[in-house]
file run14.pdb (PDB, C-alpha atoms, pLDDT in the B column)
ATOM      1  CA  MET Z  51    -198.857-204.211  -7.448  1.00 52.00           C
ATOM      2  CA  ARG Z  52    -195.550-205.853  -8.391  1.00 53.00           C
ATOM      3  CA  LYS Z  53    -194.251-202.499  -9.603  1.00 51.00           C
ATOM      4  CA  LEU Z  54    -195.013-200.921  -6.218  1.00 50.00           C
ATOM      5  CA  ILE Z  55    -193.193-203.711  -4.389  1.00 57.00           C
ATOM      6  CA  LEU Z  56    -190.235-203.415  -6.771  1.00 48.00           C
ATOM      7  CA  ILE Z  57    -190.117-199.642  -6.299  1.00 58.00           C
ATOM      8  CA  GLY Z  58    -190.250-200.141  -2.505  1.00 56.00           C
ATOM      9  CA  ILE Z  59    -187.351-202.607  -2.621  1.00 61.00           C
ATOM     10  CA  ILE Z  60    -185.285-200.302  -4.837  1.00 62.00           C
ATOM     11  CA  ASN Z  61    -185.920-197.373  -2.477  1.00 57.00           C
ATOM     12  CA  LEU Z  62    -184.911-199.530   0.481  1.00 57.00           C
ATOM     13  CA  VAL Z  63    -181.657-200.597  -1.197  1.00 57.00           C
ATOM     14  CA  ILE Z  64    -180.840-197.040  -2.234  1.00 59.00           C
ATOM     15  CA  GLY Z  65    -181.667-195.777   1.259  1.00 58.00           C
ATOM     16  CA  CYS Z  66    -179.371-198.357   2.868  1.00 55.00           C
ATOM     17  CA  ARG Z  67    -176.523-197.457   0.534  1.00 50.00           C
ATOM     18  CA  GLN Z  68    -176.908-193.764   1.249  1.00 48.00           C
ATOM     19  CA  SER Z  69    -176.823-194.281   5.008  1.00 49.00           C
ATOM     20  CA  LYS Z  70    -173.532-196.182   4.689  1.00 53.00           C
ATOM     21  CA  ILE Z  71    -171.979-193.333   2.710  1.00 51.00           C
ATOM     22  CA  GLU Z  72    -173.108-190.769   5.262  1.00 80.00           C
ATOM     23  CA  ALA Z  73    -170.469-188.184   6.097  1.00 88.00           C
ATOM     24  CA  PRO Z  74    -169.391-187.818   9.728  1.00 91.00           C
ATOM     25  CA  PRO Z  75    -171.184-184.971  11.506  1.00 93.00           C
ATOM     26  CA  ILE Z  76    -167.875-183.960  13.146  1.00 94.00           C
ATOM     27  CA  ASP Z  77    -164.498-184.798  11.641  1.00 94.00           C
ATOM     28  CA  GLU Z  78    -162.629-187.553  13.477  1.00 95.00           C
ATOM     29  CA  GLU Z  79    -159.844-185.409  14.924  1.00 95.00           C
ATOM     30  CA  LYS Z  80    -162.274-182.880  16.378  1.00 96.00           C
ATOM     31  CA  PHE Z  81    -164.504-185.691  17.690  1.00 95.00           C
ATOM     32  CA  VAL Z  82    -161.562-187.354  19.450  1.00 95.00           C
ATOM     33  CA  GLU Z  83    -160.624-184.029  21.061  1.00 94.00           C
ATOM     34  CA  ILE Z  84    -164.202-183.370  22.241  1.00 94.00           C
ATOM     35  CA  MET Z  85    -164.575-186.854  23.681  1.00 93.00           C
ATOM     36  CA  ALA Z  86    -161.185-186.631  25.411  1.00 93.00           C
ATOM     37  CA  GLN Z  87    -162.216-183.348  27.012  1.00 91.00           C
ATOM     38  CA  SER Z  88    -165.466-184.954  28.176  1.00 89.00           C
ATOM     39  CA  GLU Z  89    -163.549-187.887  29.634  1.00 89.00           C
ATOM     40  CA  LEU Z  90    -161.281-185.482  31.500  1.00 89.00           C
ATOM     41  CA  PHE Z  91    -164.369-183.817  32.930  1.00 85.00           C
ATOM     42  CA  ASP Z  92    -165.574-187.177  34.219  1.00 81.00           C
ATOM     43  CA  LEU Z  93    -162.198-187.818  35.812  1.00 82.00           C
ATOM     44  CA  ARG Z  94    -162.088-184.399  37.505  1.00 81.00           C
ATOM     45  CA  PHE Z  95    -165.593-184.419  38.912  1.00 78.00           C
ATOM     46  CA  LYS Z  96    -166.463-188.086  39.390  1.00 76.00           C
ATOM     47  CA  GLU Z  97    -166.603-187.663  43.168  1.00 78.00           C
ATOM     48  CA  LEU Z  98    -169.241-184.937  42.957  1.00 77.00           C
ATOM     49  CA  ASN Z  99    -172.892-185.814  42.955  1.00 77.00           C
ATOM     50  CA  GLY Z 100    -176.257-184.170  42.604  1.00 79.00           C
ATOM     51  CA  GLN Z 101    -176.732-180.570  41.621  1.00 84.00           C
ATOM     52  CA  LEU Z 102    -173.082-179.598  41.880  1.00 83.00           C
ATOM     53  CA  ARG Z 103    -172.027-182.227  39.327  1.00 79.00           C
ATOM     54  CA  ASP Z 104    -174.953-181.302  37.077  1.00 82.00           C
ATOM     55  CA  SER Z 105    -173.970-177.635  37.251  1.00 85.00           C
ATOM     56  CA  MET Z 106    -170.358-178.450  36.419  1.00 84.00           C
ATOM     57  CA  LEU Z 107    -171.545-180.627  33.535  1.00 82.00           C
ATOM     58  CA  MET Z 108    -173.562-177.755  32.093  1.00 85.00           C
ATOM     59  CA  VAL Z 109    -170.569-175.425  32.338  1.00 87.00           C
ATOM     60  CA  ASP Z 110    -168.371-178.019  30.627  1.00 85.00           C
ATOM     61  CA  LYS Z 111    -170.914-178.576  27.830  1.00 86.00           C
ATOM     62  CA  GLN Z 112    -171.103-174.832  27.242  1.00 90.00           C
ATOM     63  CA  ARG Z 113    -167.307-174.582  27.152  1.00 89.00           C
ATOM     64  CA  ILE Z 114    -167.069-177.410  24.628  1.00 90.00           C
ATOM     65  CA  ALA Z 115    -169.865-175.924  22.520  1.00 90.00           C
ATOM     66  CA  LEU Z 116    -168.108-172.563  22.365  1.00 93.00           C
ATOM     67  CA  GLU Z 117    -164.598-173.902  21.889  1.00 93.00           C
ATOM     68  CA  TYR Z 118    -165.440-176.445  19.186  1.00 93.00           C
ATOM     69  CA  HIS Z 119    -168.513-174.741  17.655  1.00 94.00           C
ATOM     70  CA  VAL Z 120    -170.814-177.731  18.203  1.00 94.00           C
ATOM     71  CA  THR Z 121    -174.181-178.425  19.804  1.00 92.00           C
ATOM     72  CA  ASP Z 122    -175.225-181.253  22.119  1.00 88.00           C
ATOM     73  CA  SER Z 123    -177.283-182.803  19.342  1.00 91.00           C
ATOM     74  CA  LEU Z 124    -174.369-182.652  16.898  1.00 94.00           C
ATOM     75  CA  VAL Z 125    -172.092-184.375  19.417  1.00 92.00           C
ATOM     76  CA  SER Z 126    -174.782-187.011  20.103  1.00 91.00           C
ATOM     77  CA  HIS Z 127    -175.147-187.600  16.376  1.00 93.00           C
ATOM     78  CA  ALA Z 128    -171.365-187.931  16.044  1.00 94.00           C
ATOM     79  CA  ILE Z 129    -171.246-190.433  18.919  1.00 93.00           C
ATOM     80  CA  ASP Z 130    -173.879-192.549  17.151  1.00 92.00           C
ATOM     81  CA  TYR Z 131    -172.064-192.201  13.831  1.00 94.00           C
ATOM     82  CA  TYR Z 132    -168.642-193.255  15.131  1.00 92.00           C
ATOM     83  CA  ALA Z 133    -170.127-196.079  17.238  1.00 92.00           C
ATOM     84  CA  ARG Z 134    -171.573-197.597  14.033  1.00 90.00           C
ATOM     85  CA  GLN Z 135    -168.252-197.567  12.185  1.00 90.00           C
ATOM     86  CA  LYS Z 136    -166.227-200.730  11.660  1.00 89.00           C
ATOM     87  CA  ASP Z 137    -163.197-199.106  13.245  1.00 88.00           C
ATOM     88  CA  SER Z 138    -164.992-197.779  16.338  1.00 89.00           C
ATOM     89  CA  LYS Z 139    -162.444-199.537  18.563  1.00 92.00           C
ATOM     90  CA  LYS Z 140    -159.666-197.578  16.838  1.00 95.00           C
ATOM     91  CA  ILE Z 141    -161.459-194.332  17.626  1.00 93.00           C
ATOM     92  CA  GLU Z 142    -161.928-195.374  21.265  1.00 93.00           C
ATOM     93  CA  ASP Z 143    -158.198-196.010  21.436  1.00 94.00           C
ATOM     94  CA  LYS Z 144    -157.479-192.590  19.930  1.00 95.00           C
ATOM     95  CA  ILE Z 145    -159.665-190.979  22.602  1.00 93.00           C
ATOM     96  CA  LYS Z 146    -157.793-192.823  25.363  1.00 93.00           C
ATOM     97  CA  ASP Z 147    -154.466-191.840  23.833  1.00 95.00           C
ATOM     98  CA  LYS Z 148    -155.563-188.199  23.646  1.00 94.00           C
ATOM     99  CA  VAL Z 149    -156.651-188.234  27.312  1.00 93.00           C
ATOM    100  CA  ASN Z 150    -153.276-189.671  28.301  1.00 93.00           C
ATOM    101  CA  GLN Z 151    -151.445-187.123  26.153  1.00 93.00           C
ATOM    102  CA  ILE Z 152    -153.337-184.233  27.771  1.00 89.00           C
ATOM    103  CA  LEU Z 153    -152.717-185.604  31.266  1.00 89.00           C
ATOM    104  CA  ASP Z 154    -149.004-186.147  30.551  1.00 88.00           C
ATOM    105  CA  THR Z 155    -148.691-182.593  29.240  1.00 85.00           C
ATOM    106  CA  ARG Z 156    -150.341-181.193  32.356  1.00 79.00           C
ATOM    107  CA  LEU Z 157    -148.184-183.271  34.686  1.00 81.00           C
ATOM    108  CA  ASN Z 158    -144.946-182.338  32.944  1.00 82.00           C
ATOM    109  CA  LYS Z 159    -145.491-178.577  33.091  1.00 69.00           C
TER     110      LYS Z 159
END

call {"tool": "encode", "arguments": {"input": "run14.pdb", "output": "structure tokens"}}
result
Amino acid sequence: MRKLILIGIINLVIGCRQSKIEAPPIDEEKFVEIMAQSELFDLRFKELNGQLRDSMLMVDKQRIALEYHVTDSLVSHAIDYYARQKDSKKIEDKIKDKVNQILDTRLNK
């Protein structure tokens, strides 16, 4: 019985270590770009409601999926991954900076 408990504890410790070493599902730069594009969508269409907004959201998700070669589930997994990181605030700041950079570029054209 003690051996089973010891094996269970060892498996738990190994499992916890492996989850901390987990590789990001989407590299950070690509993730920041995807999230910035999503934020820009929210800014553009925040006044819309109902079916029109939902339709625009679907179009935007399809565009992002094609442009960045990702799926909704991969993006969701990446959001969870980066939210659990110690430097998640730094990534949030990078997303905000990227949104501002894109907006500045569009305004200065």

call {"tool": "closest_residue", "arguments": {"input": "run14.pdb", "among": "Z:Asp104, Z:Arg94, Z:Lys111, Z:Ile141", "to": "Val125 of chain Z", "atoms": "only C-alpha atoms"}}
result
Z:Lys111

call {"tool": "closest_residue", "arguments": {"input": "run14.pdb", "among": "Z:Leu93, Z:Ile84, Z:Ile145, Z:Leu102", "to": "Ala115 of chain Z", "atoms": "only C-alpha atoms"}}
result
Z:Ile84

call {"tool": "atom_distance", "arguments": {"input": "run14.pdb", "atom1": "atom CA of Lys146 of chain Z", "atom2": "atom CA of Ser105 of chain Z"}}
result
25.2 Å

call {"tool": "residues_around", "arguments": {"input": "run14.pdb", "residues": "Ala86 of chain Z", "least_positions_apart": "3", "cutoff": "10 Å", "atoms": "all atoms listed in the file", "output": "VMD selection string"}}
result
chain Z and resid 80 to 83 89 to 92 142 144 to 152

call {"tool": "write_last_selection", "arguments": {"input": "run14.pdb", "atoms": "C-alpha atoms", "output": "PDB file, in the coordinates of the input"}}
result
ATOM      1  CA  LYS Z  80    -162.274-182.880  16.378  1.00 96.00           C
ATOM      2  CA  PHE Z  81    -164.504-185.691  17.690  1.00 95.00           C
ATOM      3  CA  VAL Z  82    -161.562-187.354  19.450  1.00 95.00           C
ATOM      4  CA  GLU Z  83    -160.624-184.029  21.061  1.00 94.00           C
ATOM      5  CA  GLU Z  89    -163.549-187.887  29.634  1.00 89.00           C
ATOM      6  CA  LEU Z  90    -161.281-185.482  31.500  1.00 89.00           C
ATOM      7  CA  PHE Z  91    -164.369-183.817  32.930  1.00 85.00           C
ATOM      8  CA  ASP Z  92    -165.574-187.177  34.219  1.00 81.00           C
ATOM      9  CA  GLU Z 142    -161.928-195.374  21.265  1.00 93.00           C
ATOM     10  CA  LYS Z 144    -157.479-192.590  19.930  1.00 95.00           C
ATOM     11  CA  ILE Z 145    -159.665-190.979  22.602  1.00 93.00           C
ATOM     12  CA  LYS Z 146    -157.793-192.823  25.363  1.00 93.00           C
ATOM     13  CA  ASP Z 147    -154.466-191.840  23.833  1.00 95.00           C
ATOM     14  CA  LYS Z 148    -155.563-188.199  23.646  1.00 94.00           C
ATOM     15  CA  VAL Z 149    -156.651-188.234  27.312  1.00 93.00           C
ATOM     16  CA  ASN Z 150    -153.276-189.671  28.301  1.00 93.00           C
ATOM     17  CA  GLN Z 151    -151.445-187.123  26.153  1.00 93.00           C
ATOM     18  CA  ILE Z 152    -153.337-184.233  27.771  1.00 89.00           C
TER      19      ILE Z 152
END

call {"tool": "residues_around", "arguments": {"input": "run14.pdb", "residues": "segment 130-133 of chain Z", "least_positions_apart": "5", "cutoff": "8 Å", "atoms": "only C-alpha atoms", "output": "JSON, numbers by chain"}}
result
{"Z": [74, 75, 138, 141]}

call {"tool": "closest_residue", "arguments": {"input": "run14.pdb", "among": "Z:Met85, Z:Met108, Z:Leu116, Z:Leu98", "to": "Ile129 of chain Z", "atoms": "all atoms listed in the file"}}
result
Z:Met85

call {"tool": "atom_distance", "arguments": {"input": "run14.pdb", "atom1": "atom CA of Arg156 of chain Z", "atom2": "atom CA of Leu124 of chain Z"}}
result
28.6 Å

call {"tool": "closest_residue", "arguments": {"input": "run14.pdb", "among": "Z:Glu78, Z:Thr155, Z:Leu107, Z:Gln101", "to": "Asp137 of chain Z", "atoms": "only C-alpha atoms"}}
result
Z:Glu78

call {"tool": "atom_distance", "arguments": {"input": "run14.pdb", "atom1": "atom CA of Lys140 of chain Z", "atom2": "atom CA of Ser126 of chain Z"}}
result
18.7 Å

call {"tool": "closest_residue", "arguments": {"input": "run14.pdb", "among": "Z:Lys139, Z:Leu157, Z:Gln112, Z:His127", "to": "Asp77 of chain Z", "atoms": "only C-alpha atoms"}}
result
Z:His127

call {"tool": "closest_residue", "arguments": {"input": "run14.pdb", "among": "Z:Ala73, Z:Asp110, Z:Gln135, Z:Arg103", "to": "Gln87 of chain Z", "atoms": "only C-alpha atoms"}}
result
Z:Asp110

call {"tool": "axis_aligned_box", "arguments": {"input": "run14.pdb", "around": "segment 74-86 of chain Z", "padding_each_side": "3 Å", "output": "AutoDock Vina command-line options"}}
result
--center_x -165.5 --center_y -185.3 --center_z 17.6 --size_x 17.3 --size_y 10.9 --size_z 21.7

call {"tool": "build_atoms", "arguments": {"input": "run14.pdb", "residues": "segment 84-96 of chain Z", "atoms": "N, CA and C atoms", "output": "CSV table (one decimal), in the coordinates of the input"}}
result
chain,number,residue,atom,x,y,z
Z,84,ILE,N,-163.0,-183.6,21.4
Z,84,ILE,CA,-164.2,-183.4,22.2
Z,84,ILE,C,-164.4,-184.5,23.2
Z,85,MET,N,-164.3,-185.7,22.8
Z,85,MET,CA,-164.6,-186.9,23.7
Z,85,MET,C,-163.5,-187.0,24.7
Z,86,ALA,N,-162.3,-186.6,24.4
Z,86,ALA,CA,-161.2,-186.6,25.4
Z,86,ALA,C,-161.5,-185.6,26.5
Z,87,GLN,N,-161.9,-184.4,26.0
Z,87,GLN,CA,-162.2,-183.3,27.0
Z,87,GLN,C,-163.4,-183.8,27.9
Z,88,SER,N,-164.3,-184.5,27.4
Z,88,SER,CA,-165.5,-185.0,28.2
Z,88,SER,C,-165.0,-186.0,29.2
Z,89,GLU,N,-164.1,-186.9,28.7
Z,89,GLU,CA,-163.5,-187.9,29.6
Z,89,GLU,C,-162.8,-187.2,30.8
Z,90,LEU,N,-162.0,-186.2,30.5
Z,90,LEU,CA,-161.3,-185.5,31.5
Z,90,LEU,C,-162.2,-184.8,32.5
Z,91,PHE,N,-163.4,-184.4,32.0
Z,91,PHE,CA,-164.4,-183.8,32.9
Z,91,PHE,C,-164.8,-184.9,33.9
Z,92,ASP,N,-165.1,-186.1,33.4
Z,92,ASP,CA,-165.6,-187.2,34.2
Z,92,ASP,C,-164.5,-187.5,35.3
Z,93,LEU,N,-163.3,-187.5,34.9
Z,93,LEU,CA,-162.2,-187.8,35.8
Z,93,LEU,C,-162.1,-186.8,36.9
Z,94,ARG,N,-162.2,-185.5,36.5
Z,94,ARG,CA,-162.1,-184.4,37.5
Z,94,ARG,C,-163.2,-184.4,38.5
Z,95,PHE,N,-164.4,-184.6,38.1
Z,95,PHE,CA,-165.6,-184.4,38.9
Z,95,PHE,C,-166.4,-185.7,39.2
Z,96,LYS,N,-165.7,-186.8,39.1
Z,96,LYS,CA,-166.5,-188.1,39.4
Z,96,LYS,C,-166.9,-188.2,40.8
